[in-house]
Amino acid sequence: MPAPFRFVITGRLGARTVARALEPSWRTTVEEARPVVRRYLDTFDWALWRSGGRLLVERDGRATRLRWEPAGGRSARTMRLECEPRFAADLPAGVVRREVADAAGERALLPAGQAEVRRTLVRVADGKAKTVARVWLETARTAGEDAPTGPGRRTLRVEPLTGYAAAGAEVAARLAAVLPLAPDERDELADAAAAAGRTPGDYTSKVAVRLTPGEPAERAVRRVLSRLLATLAANVEGTVRDLDTEFLHDLRVATRRTRTCLGQLRGVLPPGTVAPFAEEFRWLGDATRLGRDLDVFLLDLEAWRREVTPAAAANLGPLIAHLRARREEVHRALAGELESARFTRLLRRWRRVLGRRAPGGEDGARPIAEVAGERTLRAYRRLVRHGEVLPPDPPATAMHRLRIDAKKLRYLLEFFAGLWDGEAVAAVVRELKAVQDALGRYHDAWIQSEQLPALGDELIAAGAGAGALLAMGELAAALAQRQAAELAAFADRFAPFAAEATRARLVELVAWPGGVR
Amino acid sequence: MKVVAVWTIKGGVGKTAAAVNLACLSALDGQRTLLWDLDPQGAASFYFRVKAKVKGGGRKLLKRSAALQPLVHATDIENLDLLPADFSYRLLDLQLDAHKAPERRLALKLEPLAEEYDTVFLDCPPSVSLASESVLRAADALLVPVIPTTLSLRGLKQVRSFARKVGRRGLLVLPFLSMVDRRKTMHREAIERCAADGGFLAAAIPSASVVEKMGVHRAPLNAYAPSCEAAQAFAELWRELRARLGTGG
């Protein structure tokens with residue numbers, strides 16, 4: 001379908017007038033005005049909007065229809081639905097599901113804004129009564145949680161049909177010439193989101209703080225920490241309501257980043273202020289760990305189930321059901337922690353501390369670029385040191401420590417990327433990420449295989465059959481295989497990352513006048 | 001993308017009615033659907049009020065460099081596009097024969113559409129030819145309308161044998177009863193024979209004037225008589241086909 005022509009109506013205009021403006025060159029049919037509730041769906045981090053697509057559900061009292069408008073002006077797709085999809089996987093198999101899933105991944109499709117629309121359709125057909133274009137007249141009132149606000153925005157959209165682009169353009173040109181219309185540049189999604197108190201793109205888990213190299217470290221670090229606190233707080237509700245697994249993931253990342261910031265930038269904030277919070281954020285990390293481990297286990301199992309034979313997949317059923325039940329319990333406890341007085345107090349006090357102007361620690365007045373460079377190089381050296389002394393068959397605990405070292409370095413590079421040459425930082429992060437991916441997959445396989453014996457006992461106690469246990473045996477073998485493969489991948493990727501050339505590159509990258517070594 | 005060919009050796013058995021109505025139901029299900037009218041008579045194109053004409057004809061269309069997408073026309077049904085017929089398709093065999101590996105040519109032409117469509121229906125003319133061979137190499141499923149008569153059942157035997165010989169590996173051959181008139185003893189007896197065959201889809205399309213009126217309304221049944229017995233039978237046929245194709249719902 002060629003791209004539609006969009007206009008805003010600037011005077012009095014009804015469907016009959018539109019029809020009259022097109023006759024007798026075209027045959028027109030006016031379809032009754034119908035109220036529609038249009039709800040935009042997107043992930044919490046606006047993945048669909050970022051991809052350039054729009055997903056909307058329209059209900060007109062008789063039916064629910066889903067409309068996917070992909071990026072690049074490609075054909076919009078519509079379909080009838082029984083109910084709103086919660087995840088891309090809930091959509092019927094096909095191109096729409098594939099494209100939405102590519103952008104949204106595992107994230108839930110949440111309401112991003114709503115409009116109450118009264119619309120009339122004018123079908124435009126040629127001399128053989130073949131429809132060549134559709135003209136939609138709409139009055140849209142964007143709505144917040146409660147009642148719709150404002151008198152509504154009146155628009156006219158000409159949708160040419162595939163194969164009839166010329167006719168569609170002619171229809172649009174005729175209407176624009178004789179009716180009170182002006183080109184429409186506004187994004188209805190943005191209007192609808194604004195009424196719901198949001199702006200497209202208003203959430204990202206990235207640490208996007210603009211720092212200046214000469215800024216006092218104390219102020220810069222407070223700003224980074226404030227941003228992390230905002231990210232952490234933004235993910236609490238979604239985690240408690242268990243909207244999707246990424247809320248907990250982002251909450252944990254914000255927690256770990258906060259802890260890294262406090263630990264790796266010691267001396268920037270006053271030690272007496274920081275110490276109690278470091279302890280509290282450690283508690284938060286511990287309180288959320290098991291929930292995330294179970295999420296990862298279940299996501300991995302679902303992926304694994306798709307790879308094995310149908311019989312083996314069926315045998316994994318009892319394990320998955322058992323883990324899901326356990327996850328429910330763990331999640332309830334986790335939600336309790338996030339609604340506890342301790343957690344509320346932590347956020348409240350931390351917000352107050354970060355907002356208060358107070359003297360920094362001994363390094364607080366130094367330029368942030370100098371401190372950031374120094375601590376980043378220190379984190380790199382520590383990672384290399386720990387990696388180089390690994391024995392050929394390292395214990396999983398040593399690999400775990402290395403994984404933590406790598407995360408600390410990654411976070412420092414991300415906090416301060418804006419101070420340095422962006423492309424060079426991105427190149428180092430790419431190499432580090434390859435190392436981290438191997439470490440992460442190794443770690444997940446280790447944690448999961450450690451849990452299998454106890455899970456097996458629990459399944460036996462619950463009356464599981466031999467098939468379920470055999471499937472777990474297969475899983476154990478696959479996990480061991482994965483650990484070995486990831487260990488090899490790690491070795492291959494770590495060697496160049498630990499090499500002198502990378503160190504020299506990093507030194508040059510973070511150099512600050514006066515020298516950072 | 002799944003490709004469904006509606007074809008049999010015998011003419012006048014309801015191929016086009018099946019292709020048009022199933023394509024419509026697929027589109028209403030939200031699947032991006034293309035109906036390719038390969039019959040030079042252009043009945044499917046006529047039903048959708050699209051001119052049975054392709055710029056450059058079959059000869060140009062079969063060239064490796066010619067894309068199908070610019071020839072596509074939207075129908076009045078959302079999600080359903082049509083690749084119209086052209087009278088030159090009567091020479092499709094000759095035109096295919098001018099290319100290397102002619103039996104693979106239609107599959108090759110359809111490949112670039114995989115990202116655009118979920119399901120493609122091929123409405124094929126009744127003949128056994130190089131064109132049918134190319135259709136059977138491109139299709140995932142072959143729908144065979146069978147009137148419950150001796151000749152039609154004999155035709156099915158020939159179709160199965162031909163599909164085994166030239167069809168792509170894993171081609172689903174799915175016969176279904178078409179234009180059924182249960183008042184006729186011969187039809188009732190033949191239906192029993194079909195039930196014993198085991199390979200037939202369960203839905204049976206009745207012989208009904210409402211189906212013939214598609215030519216008057218120039219639209220699929222769903223547009224003017226969605227609750228009639230024939231429309232319900234096509235809906236049942238579509239549900240079965242969808243399940244067999246594994247495209248969910």
# chains A, B, ... in the order shown; residues from 1 in each chain; ligands from 1

call {"tool": "residues_around", "arguments": {"residues": "segment 185-199 of chain B", "least_positions_apart": "5", "cutoff": "8 Å", "atoms": "only C-alpha atoms", "output": "PDB file with N, CA, C and O atoms, in the first residue's frame"}}
result
ATOM      1  N   ILE B 147     -15.712 -33.207  -7.436  1.00  0.00           N
ATOM      2  CA  ILE B 147     -17.167 -33.389  -7.452  1.00  0.00           C
ATOM      3  C   ILE B 147     -17.420 -34.879  -7.232  1.00  0.00           C
ATOM      4  O   ILE B 147     -16.677 -35.712  -7.774  1.00  0.00           O
ATOM      5  N   PRO B 148     -18.372 -35.240  -6.406  1.00  0.00           N
ATOM      6  CA  PRO B 148     -18.562 -36.683  -6.144  1.00  0.00           C
ATOM      7  C   PRO B 148     -19.138 -37.421  -7.347  1.00  0.00           C
ATOM      8  O   PRO B 148     -20.303 -37.829  -7.353  1.00  0.00           O
ATOM      9  N   THR B 149     -18.345 -37.542  -8.361  1.00  0.00           N
ATOM     10  CA  THR B 149     -18.736 -38.305  -9.553  1.00  0.00           C
ATOM     11  C   THR B 149     -17.577 -39.206  -9.947  1.00  0.00           C
ATOM     12  O   THR B 149     -16.436 -38.971  -9.535  1.00  0.00           O
ATOM     13  N   THR B 150     -17.857 -40.178 -10.753  1.00  0.00           N
ATOM     14  CA  THR B 150     -16.834 -41.148 -11.142  1.00  0.00           C
ATOM     15  C   THR B 150     -15.669 -40.473 -11.851  1.00  0.00           C
ATOM     16  O   THR B 150     -14.500 -40.724 -11.546  1.00  0.00           O
ATOM     17  N   LEU B 174      -4.407 -32.336  -0.762  1.00  0.00           N
ATOM     18  CA  LEU B 174      -5.593 -32.277   0.076  1.00  0.00           C
ATOM     19  C   LEU B 174      -6.863 -32.178  -0.778  1.00  0.00           C
ATOM     20  O   LEU B 174      -7.310 -31.086  -1.127  1.00  0.00           O
ATOM     21  N   PRO B 175      -7.454 -33.323  -1.119  1.00  0.00           N
ATOM     22  CA  PRO B 175      -8.715 -33.262  -1.861  1.00  0.00           C
ATOM     23  C   PRO B 175      -9.873 -32.877  -0.937  1.00  0.00           C
ATOM     24  O   PRO B 175      -9.819 -33.127   0.263  1.00  0.00           O
ATOM     25  N   LEU B 177     -14.440 -32.300  -1.131  1.00  0.00           N
ATOM     26  CA  LEU B 177     -15.637 -32.434  -1.954  1.00  0.00           C
ATOM     27  C   LEU B 177     -16.176 -31.068  -2.327  1.00  0.00           C
ATOM     28  O   LEU B 177     -16.276 -30.174  -1.483  1.00  0.00           O
ATOM     29  N   VAL B 180     -21.302 -30.367  -4.062  1.00  0.00           N
ATOM     30  CA  VAL B 180     -22.005 -31.571  -3.619  1.00  0.00           C
ATOM     31  C   VAL B 180     -23.517 -31.344  -3.659  1.00  0.00           C
ATOM     32  O   VAL B 180     -24.014 -30.343  -3.146  1.00  0.00           O
TER      33      VAL B 180
END

call {"tool": "select_by_dssp", "arguments": {"residues": "segment 4-247 of chain B", "states": "strand (DSSP E or B)", "output": "CSV table (one decimal) with N, CA and C atoms, in the first residue's frame"}}
result
chain,number,residue,atom,x,y,z
B,4,VAL,N,-0.4,-22.2,-1.5
B,4,VAL,CA,-1.5,-23.2,-1.7
B,4,VAL,C,-2.0,-23.2,-3.1
B,5,ALA,N,-1.8,-24.3,-3.8
B,5,ALA,CA,-2.3,-24.3,-5.2
B,5,ALA,C,-3.7,-24.9,-5.2
B,6,VAL,N,-4.6,-24.3,-5.9
B,6,VAL,CA,-5.9,-25.0,-6.1
B,6,VAL,C,-6.0,-25.4,-7.6
B,33,THR,N,-2.4,-12.0,2.5
B,33,THR,CA,-2.7,-13.0,1.6
B,33,THR,C,-2.6,-12.5,0.1
B,34,LEU,N,-2.1,-13.3,-0.7
B,34,LEU,CA,-2.0,-13.0,-2.1
B,34,LEU,C,-2.7,-14.1,-2.9
B,35,LEU,N,-3.5,-13.7,-3.8
B,35,LEU,CA,-4.2,-14.6,-4.7
B,35,LEU,C,-3.6,-14.4,-6.1
B,36,TRP,N,-3.0,-15.4,-6.7
B,36,TRP,CA,-2.4,-15.2,-8.0
B,36,TRP,C,-3.3,-16.0,-9.0
B,37,ASP,N,-3.9,-15.2,-9.9
B,37,ASP,CA,-4.8,-15.7,-10.9
B,37,ASP,C,-4.0,-16.2,-12.1
B,73,HIS,N,-2.4,-5.9,-7.1
B,73,HIS,CA,-3.4,-5.0,-6.9
B,73,HIS,C,-4.1,-5.3,-5.6
B,74,ALA,N,-4.4,-4.3,-4.8
B,74,ALA,CA,-5.2,-4.6,-3.6
B,74,ALA,C,-6.6,-4.9,-4.0
B,80,LEU,N,-5.9,-8.6,1.6
B,80,LEU,CA,-6.0,-9.5,0.4
B,80,LEU,C,-5.6,-8.8,-0.9
B,81,ASP,N,-4.5,-9.2,-1.5
B,81,ASP,CA,-4.0,-8.7,-2.7
B,81,ASP,C,-4.2,-9.7,-3.8
B,82,LEU,N,-4.2,-9.2,-5.0
B,82,LEU,CA,-4.4,-10.0,-6.2
B,82,LEU,C,-3.3,-9.8,-7.2
B,83,LEU,N,-2.8,-10.9,-7.8
B,83,LEU,CA,-1.9,-10.7,-9.0
B,83,LEU,C,-2.8,-11.1,-10.1
B,119,THR,N,0.4,-16.1,3.2
B,119,THR,CA,-0.2,-17.2,2.4
B,119,THR,C,-0.4,-16.7,1.0
B,120,VAL,N,-0.1,-17.6,0.1
B,120,VAL,CA,-0.3,-17.3,-1.4
B,120,VAL,C,-1.2,-18.4,-1.9
B,121,PHE,N,-2.3,-18.0,-2.6
B,121,PHE,CA,-3.1,-19.0,-3.2
B,121,PHE,C,-2.9,-18.9,-4.7
B,122,LEU,N,-2.7,-20.0,-5.4
B,122,LEU,CA,-2.5,-20.0,-6.8
B,122,LEU,C,-3.8,-20.6,-7.4
B,123,ASP,N,-4.5,-19.8,-8.2
B,123,ASP,CA,-5.7,-20.3,-8.9
B,123,ASP,C,-5.3,-20.8,-10.3
B,141,ALA,N,1.0,-26.9,-0.4
B,141,ALA,CA,-0.2,-27.7,-0.3
B,141,ALA,C,-1.0,-27.6,-1.7
B,142,LEU,N,-1.6,-28.7,-2.0
B,142,LEU,CA,-2.4,-28.7,-3.3
B,142,LEU,C,-3.8,-29.1,-2.9
B,143,LEU,N,-4.7,-28.1,-3.1
B,143,LEU,CA,-6.1,-28.4,-2.8
B,143,LEU,C,-6.8,-28.9,-4.1
B,144,VAL,N,-7.4,-30.0,-4.0
B,144,VAL,CA,-8.0,-30.6,-5.2
B,144,VAL,C,-9.5,-30.7,-5.0
B,145,PRO,N,-10.3,-29.8,-5.7
B,145,PRO,CA,-11.7,-29.9,-5.6
B,145,PRO,C,-12.2,-31.2,-6.3
B,146,VAL,N,-13.1,-31.9,-5.7
B,146,VAL,CA,-13.5,-33.2,-6.3
B,146,VAL,C,-15.1,-33.2,-6.3
B,172,LEU,N,1.6,-31.4,0.4
B,172,LEU,CA,0.4,-31.9,0.9
B,172,LEU,C,-0.7,-32.0,-0.2
B,173,VAL,N,-1.2,-33.1,-0.4
B,173,VAL,CA,-2.2,-33.2,-1.4
B,173,VAL,C,-3.6,-33.4,-0.7
B,174,LEU,N,-4.4,-32.3,-0.8
B,174,LEU,CA,-5.6,-32.3,0.1
B,174,LEU,C,-6.9,-32.2,-0.8
B,175,PRO,N,-7.5,-33.3,-1.1
B,175,PRO,CA,-8.7,-33.3,-1.9
B,175,PRO,C,-9.9,-32.9,-0.9
B,176,PHE,N,-10.9,-32.2,-1.5
B,176,PHE,CA,-12.1,-31.9,-0.7
B,176,PHE,C,-13.3,-32.0,-1.7
B,177,LEU,N,-14.4,-32.3,-1.1
B,177,LEU,CA,-15.6,-32.4,-2.0
B,177,LEU,C,-16.2,-31.1,-2.3
B,178,SER,N,-16.5,-31.0,-3.6
B,178,SER,CA,-17.0,-29.7,-4.1
B,178,SER,C,-18.3,-29.9,-4.9
B,179,MET,N,-19.1,-28.8,-4.9
B,179,MET,CA,-20.3,-28.8,-5.7
B,179,MET,C,-21.2,-30.1,-5.3
B,180,VAL,N,-21.3,-30.4,-4.1
B,180,VAL,CA,-22.0,-31.6,-3.6
B,180,VAL,C,-23.5,-31.3,-3.7
B,204,ALA,N,-17.2,-30.2,3.1
B,204,ALA,CA,-17.7,-30.4,1.8
B,204,ALA,C,-18.5,-29.2,1.3
B,205,ILE,N,-18.1,-28.7,0.1
B,205,ILE,CA,-18.8,-27.5,-0.4
B,205,ILE,C,-20.1,-27.9,-1.1
B,206,PRO,N,-21.2,-27.3,-0.7
B,206,PRO,CA,-22.4,-27.7,-1.4
B,206,PRO,C,-22.5,-27.0,-2.8

call {"tool": "atom_distance", "arguments": {"atom1": "atom CA of Glu116 of chain B", "atom2": "atom CA of Met1 of chain B"}}
result
8.4 Å

call {"tool": "interface_residues", "arguments": {"of": "chain B", "to": "chain A", "cutoff": "9 Å", "atoms": "only C-alpha atoms", "output": "PDB file with C-alpha atoms, in the first residue's frame"}}
result
ATOM      1  CA  MET B   1       4.975 -17.978   3.637  1.00  0.00           C
ATOM      2  CA  ALA B  27      -7.190 -12.321   4.818  1.00  0.00           C
ATOM      3  CA  LEU B  28     -10.025 -11.900   7.306  1.00  0.00           C
ATOM      4  CA  ASP B  29      -7.989 -14.016   9.704  1.00  0.00           C
ATOM      5  CA  GLY B  30      -5.330 -11.320   9.577  1.00  0.00           C
ATOM      6  CA  GLN B  31      -2.951 -13.191   7.324  1.00  0.00           C
ATOM      7  CA  ARG B  32      -1.384 -11.143   4.569  1.00  0.00           C
ATOM      8  CA  PHE B  48     -12.422  -8.807  -7.514  1.00  0.00           C
ATOM      9  CA  ARG B  49     -13.153  -6.233 -10.244  1.00  0.00           C
ATOM     10  CA  VAL B  50      -9.504  -6.097 -11.233  1.00  0.00           C
ATOM     11  CA  PRO B  70       4.606  -3.959  -8.866  1.00  0.00           C
ATOM     12  CA  LEU B  71       1.931  -6.029 -10.623  1.00  0.00           C
ATOM     13  CA  VAL B  72      -0.049  -6.626  -7.429  1.00  0.00           C
ATOM     14  CA  HIS B  73      -3.439  -4.953  -6.886  1.00  0.00           C
ATOM     15  CA  ALA B  74      -5.214  -4.595  -3.570  1.00  0.00           C
ATOM     16  CA  THR B  75      -8.708  -6.068  -3.533  1.00  0.00           C
ATOM     17  CA  ASP B  76     -11.542  -4.418  -1.619  1.00  0.00           C
ATOM     18  CA  GLU B  78      -8.129  -5.766   3.709  1.00  0.00           C
ATOM     19  CA  ASN B  79      -5.005  -7.946   3.716  1.00  0.00           C
ATOM     20  CA  ASP B  81      -4.007  -8.655  -2.733  1.00  0.00           C
ATOM     21  CA  GLU B 115       8.553 -11.302   3.612  1.00  0.00           C
ATOM     22  CA  GLU B 116       5.364  -9.656   2.386  1.00  0.00           C
ATOM     23  CA  TYR B 117       2.778 -12.430   2.570  1.00  0.00           C
ATOM     24  CA  ASP B 118       1.780 -15.184   4.974  1.00  0.00           C
ATOM     25  CA  THR B 119      -0.193 -17.182   2.437  1.00  0.00           C
ATOM     26  CA  GLY B 246       0.454 -25.190  10.636  1.00  0.00           C
ATOM     27  CA  THR B 247      -0.130 -21.456  10.385  1.00  0.00           C
ATOM     28  CA  GLY B 248      -2.196 -21.324  13.573  1.00  0.00           C
ATOM     29  CA  GLY B 249      -5.055 -18.959  13.933  1.00  0.00           C
TER      30      GLY B 249
END

call {"tool": "select_by_dssp", "arguments": {"residues": "segment 92-207 of chain B", "states": "alpha helix (DSSP H)", "output": "MDAnalysis selection string"}}
result
chainID B and resid 92:97 105:110 130:138 150:166 185:197

call {"tool": "write_last_selection", "arguments": {"atoms": "N, CA and C atoms", "output": "compact mmCIF listing (two decimals), in the first residue's frame"}}
result
# COMPACT_ATOMS: atom_id res chain seq x y z
N LEU B 92 1.48 -20.07 -21.27
CA LEU B 92 2.44 -20.16 -20.16
C LEU B 92 3.44 -21.31 -20.33
N ASP B 93 2.97 -22.42 -20.86
CA ASP B 93 3.86 -23.56 -21.07
C ASP B 93 5.03 -23.19 -21.97
N LEU B 94 4.69 -22.55 -23.08
CA LEU B 94 5.72 -22.16 -24.04
C LEU B 94 6.67 -21.15 -23.41
N GLN B 95 6.06 -20.19 -22.67
CA GLN B 95 6.87 -19.14 -22.06
C GLN B 95 7.80 -19.72 -20.98
N LEU B 96 7.30 -20.69 -20.23
CA LEU B 96 8.15 -21.34 -19.22
C LEU B 96 9.28 -22.10 -19.88
N ASP B 97 8.94 -22.76 -20.98
CA ASP B 97 9.91 -23.62 -21.65
C ASP B 97 11.11 -22.83 -22.18
N ARG B 105 10.52 -22.33 -11.98
CA ARG B 105 10.41 -20.89 -12.25
C ARG B 105 9.38 -20.19 -11.34
N LEU B 106 8.21 -20.78 -11.15
CA LEU B 106 7.19 -20.10 -10.33
C LEU B 106 7.64 -19.98 -8.88
N ALA B 107 8.29 -21.04 -8.38
CA ALA B 107 8.81 -20.99 -7.00
C ALA B 107 9.82 -19.85 -6.88
N LEU B 108 10.65 -19.71 -7.90
CA LEU B 108 11.67 -18.66 -7.92
C LEU B 108 11.02 -17.27 -7.91
N LYS B 109 9.94 -17.14 -8.69
CA LYS B 109 9.26 -15.85 -8.77
C LYS B 109 8.60 -15.49 -7.43
N LEU B 110 8.16 -16.52 -6.71
CA LEU B 110 7.44 -16.26 -5.45
C LEU B 110 8.38 -15.94 -4.28
N LEU B 130 3.46 -28.25 -18.34
CA LEU B 130 4.67 -27.75 -17.69
C LEU B 130 4.30 -26.72 -16.62
N ALA B 131 3.23 -25.93 -16.92
CA ALA B 131 2.79 -24.92 -15.96
C ALA B 131 2.31 -25.59 -14.67
N SER B 132 1.53 -26.69 -14.81
CA SER B 132 1.07 -27.38 -13.59
C SER B 132 2.25 -27.95 -12.83
N GLU B 133 3.24 -28.43 -13.56
CA GLU B 133 4.43 -28.98 -12.91
C GLU B 133 5.12 -27.88 -12.09
N SER B 134 5.22 -26.71 -12.69
CA SER B 134 5.87 -25.59 -12.01
C SER B 134 5.06 -25.17 -10.77
N VAL B 135 3.73 -25.25 -10.89
CA VAL B 135 2.86 -24.93 -9.75
C VAL B 135 3.11 -25.92 -8.61
N LEU B 136 3.18 -27.21 -8.96
CA LEU B 136 3.34 -28.22 -7.93
C LEU B 136 4.73 -28.17 -7.28
N ARG B 137 5.67 -27.60 -7.96
CA ARG B 137 7.02 -27.43 -7.37
C ARG B 137 7.05 -26.22 -6.43
N ALA B 138 6.12 -25.29 -6.66
CA ALA B 138 6.11 -24.06 -5.84
C ALA B 138 5.25 -24.21 -4.59
N THR B 150 -17.86 -40.18 -10.75
CA THR B 150 -16.83 -41.15 -11.14
C THR B 150 -15.67 -40.47 -11.85
N LEU B 151 -16.01 -39.61 -12.80
CA LEU B 151 -14.94 -38.98 -13.58
C LEU B 151 -14.03 -38.12 -12.71
N SER B 152 -14.65 -37.40 -11.77
CA SER B 152 -13.88 -36.51 -10.91
C SER B 152 -12.95 -37.32 -10.01
N LEU B 153 -13.46 -38.45 -9.51
CA LEU B 153 -12.63 -39.30 -8.65
C LEU B 153 -11.48 -39.92 -9.45
N ARG B 154 -11.77 -40.23 -10.69
CA ARG B 154 -10.72 -40.76 -11.56
C ARG B 154 -9.64 -39.68 -11.77
N GLY B 155 -10.12 -38.45 -11.94
CA GLY B 155 -9.21 -37.32 -12.10
C GLY B 155 -8.31 -37.17 -10.88
N LEU B 156 -8.86 -37.41 -9.69
CA LEU B 156 -8.06 -37.29 -8.46
C LEU B 156 -6.91 -38.29 -8.45
N LYS B 157 -7.20 -39.49 -8.95
CA LYS B 157 -6.16 -40.52 -9.02
C LYS B 157 -4.99 -39.99 -9.86
N GLN B 158 -5.36 -39.42 -11.01
CA GLN B 158 -4.33 -38.91 -11.93
C GLN B 158 -3.56 -37.76 -11.27
N VAL B 159 -4.28 -36.89 -10.54
CA VAL B 159 -3.63 -35.76 -9.87
C VAL B 159 -2.62 -36.26 -8.84
N ARG B 160 -3.05 -37.26 -8.05
CA ARG B 160 -2.15 -37.79 -7.02
C ARG B 160 -0.89 -38.37 -7.64
N SER B 161 -1.09 -39.11 -8.71
CA SER B 161 0.05 -39.74 -9.35
C SER B 161 1.01 -38.67 -9.91
N PHE B 162 0.42 -37.66 -10.54
CA PHE B 162 1.24 -36.57 -11.12
C PHE B 162 1.98 -35.80 -10.01
N ALA B 163 1.25 -35.54 -8.91
CA ALA B 163 1.85 -34.78 -7.80
C ALA B 163 3.02 -35.56 -7.19
N ARG B 164 2.85 -36.89 -7.10
CA ARG B 164 3.93 -37.73 -6.55
C ARG B 164 5.17 -37.63 -7.43
N LYS B 165 4.92 -37.60 -8.74
CA LYS B 165 6.05 -37.60 -9.68
C LYS B 165 6.76 -36.25 -9.72
N VAL B 166 6.00 -35.16 -9.76
CA VAL B 166 6.64 -33.87 -10.03
C VAL B 166 6.57 -32.86 -8.88
N THR B 185 -28.32 -39.56 -5.89
CA THR B 185 -27.86 -40.84 -5.36
C THR B 185 -26.38 -41.04 -5.68
N MET B 186 -26.00 -40.69 -6.91
CA MET B 186 -24.61 -40.91 -7.33
C MET B 186 -23.65 -40.10 -6.43
N HIS B 187 -24.06 -38.88 -6.08
CA HIS B 187 -23.22 -38.06 -5.21
C HIS B 187 -23.10 -38.71 -3.83
N ARG B 188 -24.25 -39.19 -3.31
CA ARG B 188 -24.22 -39.78 -1.97
C ARG B 188 -23.30 -41.01 -1.95
N GLU B 189 -23.36 -41.82 -3.02
CA GLU B 189 -22.52 -43.03 -3.08
C GLU B 189 -21.04 -42.64 -3.19
N ALA B 190 -20.81 -41.63 -4.01
CA ALA B 190 -19.41 -41.21 -4.20
C ALA B 190 -18.86 -40.62 -2.91
N ILE B 191 -19.72 -39.93 -2.15
CA ILE B 191 -19.26 -39.35 -0.88
C ILE B 191 -18.79 -40.47 0.05
N GLU B 192 -19.52 -41.58 0.04
CA GLU B 192 -19.12 -42.71 0.89
C GLU B 192 -17.75 -43.24 0.46
N ARG B 193 -17.56 -43.30 -0.87
CA ARG B 193 -16.26 -43.78 -1.36
C ARG B 193 -15.14 -42.83 -0.92
N CYS B 194 -15.44 -41.52 -0.94
CA CYS B 194 -14.44 -40.52 -0.54
C CYS B 194 -14.12 -40.65 0.94
N ALA B 195 -15.15 -40.92 1.75
CA ALA B 195 -14.94 -41.06 3.19
C ALA B 195 -14.00 -42.23 3.44
N ALA B 196 -14.17 -43.29 2.64
CA ALA B 196 -13.32 -44.48 2.81
C ALA B 196 -11.89 -44.20 2.37
N ASP B 197 -11.73 -43.22 1.51
CA ASP B 197 -10.39 -42.87 0.99
C ASP B 197 -9.46 -42.41 2.12

call {"tool": "residues_around", "arguments": {"residues": "Val210 of chain B", "least_positions_apart": "6", "cutoff": "8 Å", "atoms": "only C-alpha atoms", "output": "ChimeraX atom specification"}}
result
/B:221,225,230

call {"tool": "write_last_selection", "arguments": {"atoms": "N, CA, C and O atoms", "output": "PDB file, in the first residue's frame"}}
result
ATOM      1  N   LEU B 221     -18.068 -14.900  -1.181  1.00  0.00           N
ATOM      2  CA  LEU B 221     -19.308 -15.144  -0.434  1.00  0.00           C
ATOM      3  C   LEU B 221     -19.391 -14.322   0.843  1.00  0.00           C
ATOM      4  O   LEU B 221     -20.451 -13.822   1.206  1.00  0.00           O
ATOM      5  N   ALA B 225     -22.995 -12.984   1.570  1.00  0.00           N
ATOM      6  CA  ALA B 225     -23.824 -14.022   2.212  1.00  0.00           C
ATOM      7  C   ALA B 225     -22.971 -14.803   3.212  1.00  0.00           C
ATOM      8  O   ALA B 225     -22.783 -16.018   3.074  1.00  0.00           O
ATOM      9  N   ALA B 230     -22.951 -22.525   2.205  1.00  0.00           N
ATOM     10  CA  ALA B 230     -21.711 -22.643   1.429  1.00  0.00           C
ATOM     11  C   ALA B 230     -20.589 -21.839   2.092  1.00  0.00           C
ATOM     12  O   ALA B 230     -19.440 -22.296   2.169  1.00  0.00           O
TER      13      ALA B 230
END

call {"tool": "residues_around", "arguments": {"residues": "segment 382-388 of chain A", "least_positions_apart": "2", "cutoff": "8 Å", "atoms": "only C-alpha atoms", "output": "ChimeraX atom specification"}}
result
/A:378-380,390,402,405-406,409,494,498

call {"tool": "residues_around", "arguments": {"residues": "Glu240 of chain B", "least_positions_apart": "6", "cutoff": "9 Å", "atoms": "only C-alpha atoms", "output": "PDB file with C-alpha atoms, in the first residue's frame"}}
result
ATOM      1  CA  LEU B 201     -10.618 -32.929   4.158  1.00  0.00           C
ATOM      2  CA  ALA B 202     -13.854 -33.133   6.129  1.00  0.00           C
ATOM      3  CA  ALA B 203     -15.499 -29.966   4.788  1.00  0.00           C
TER       4      ALA B 203
END

call {"tool": "closest_residue", "arguments": {"among": "B:Val13, B:Val20, B:Met214, B:Leu245", "to": "Leu171 of chain B", "atoms": "only C-alpha atoms"}}
result
B:Leu245
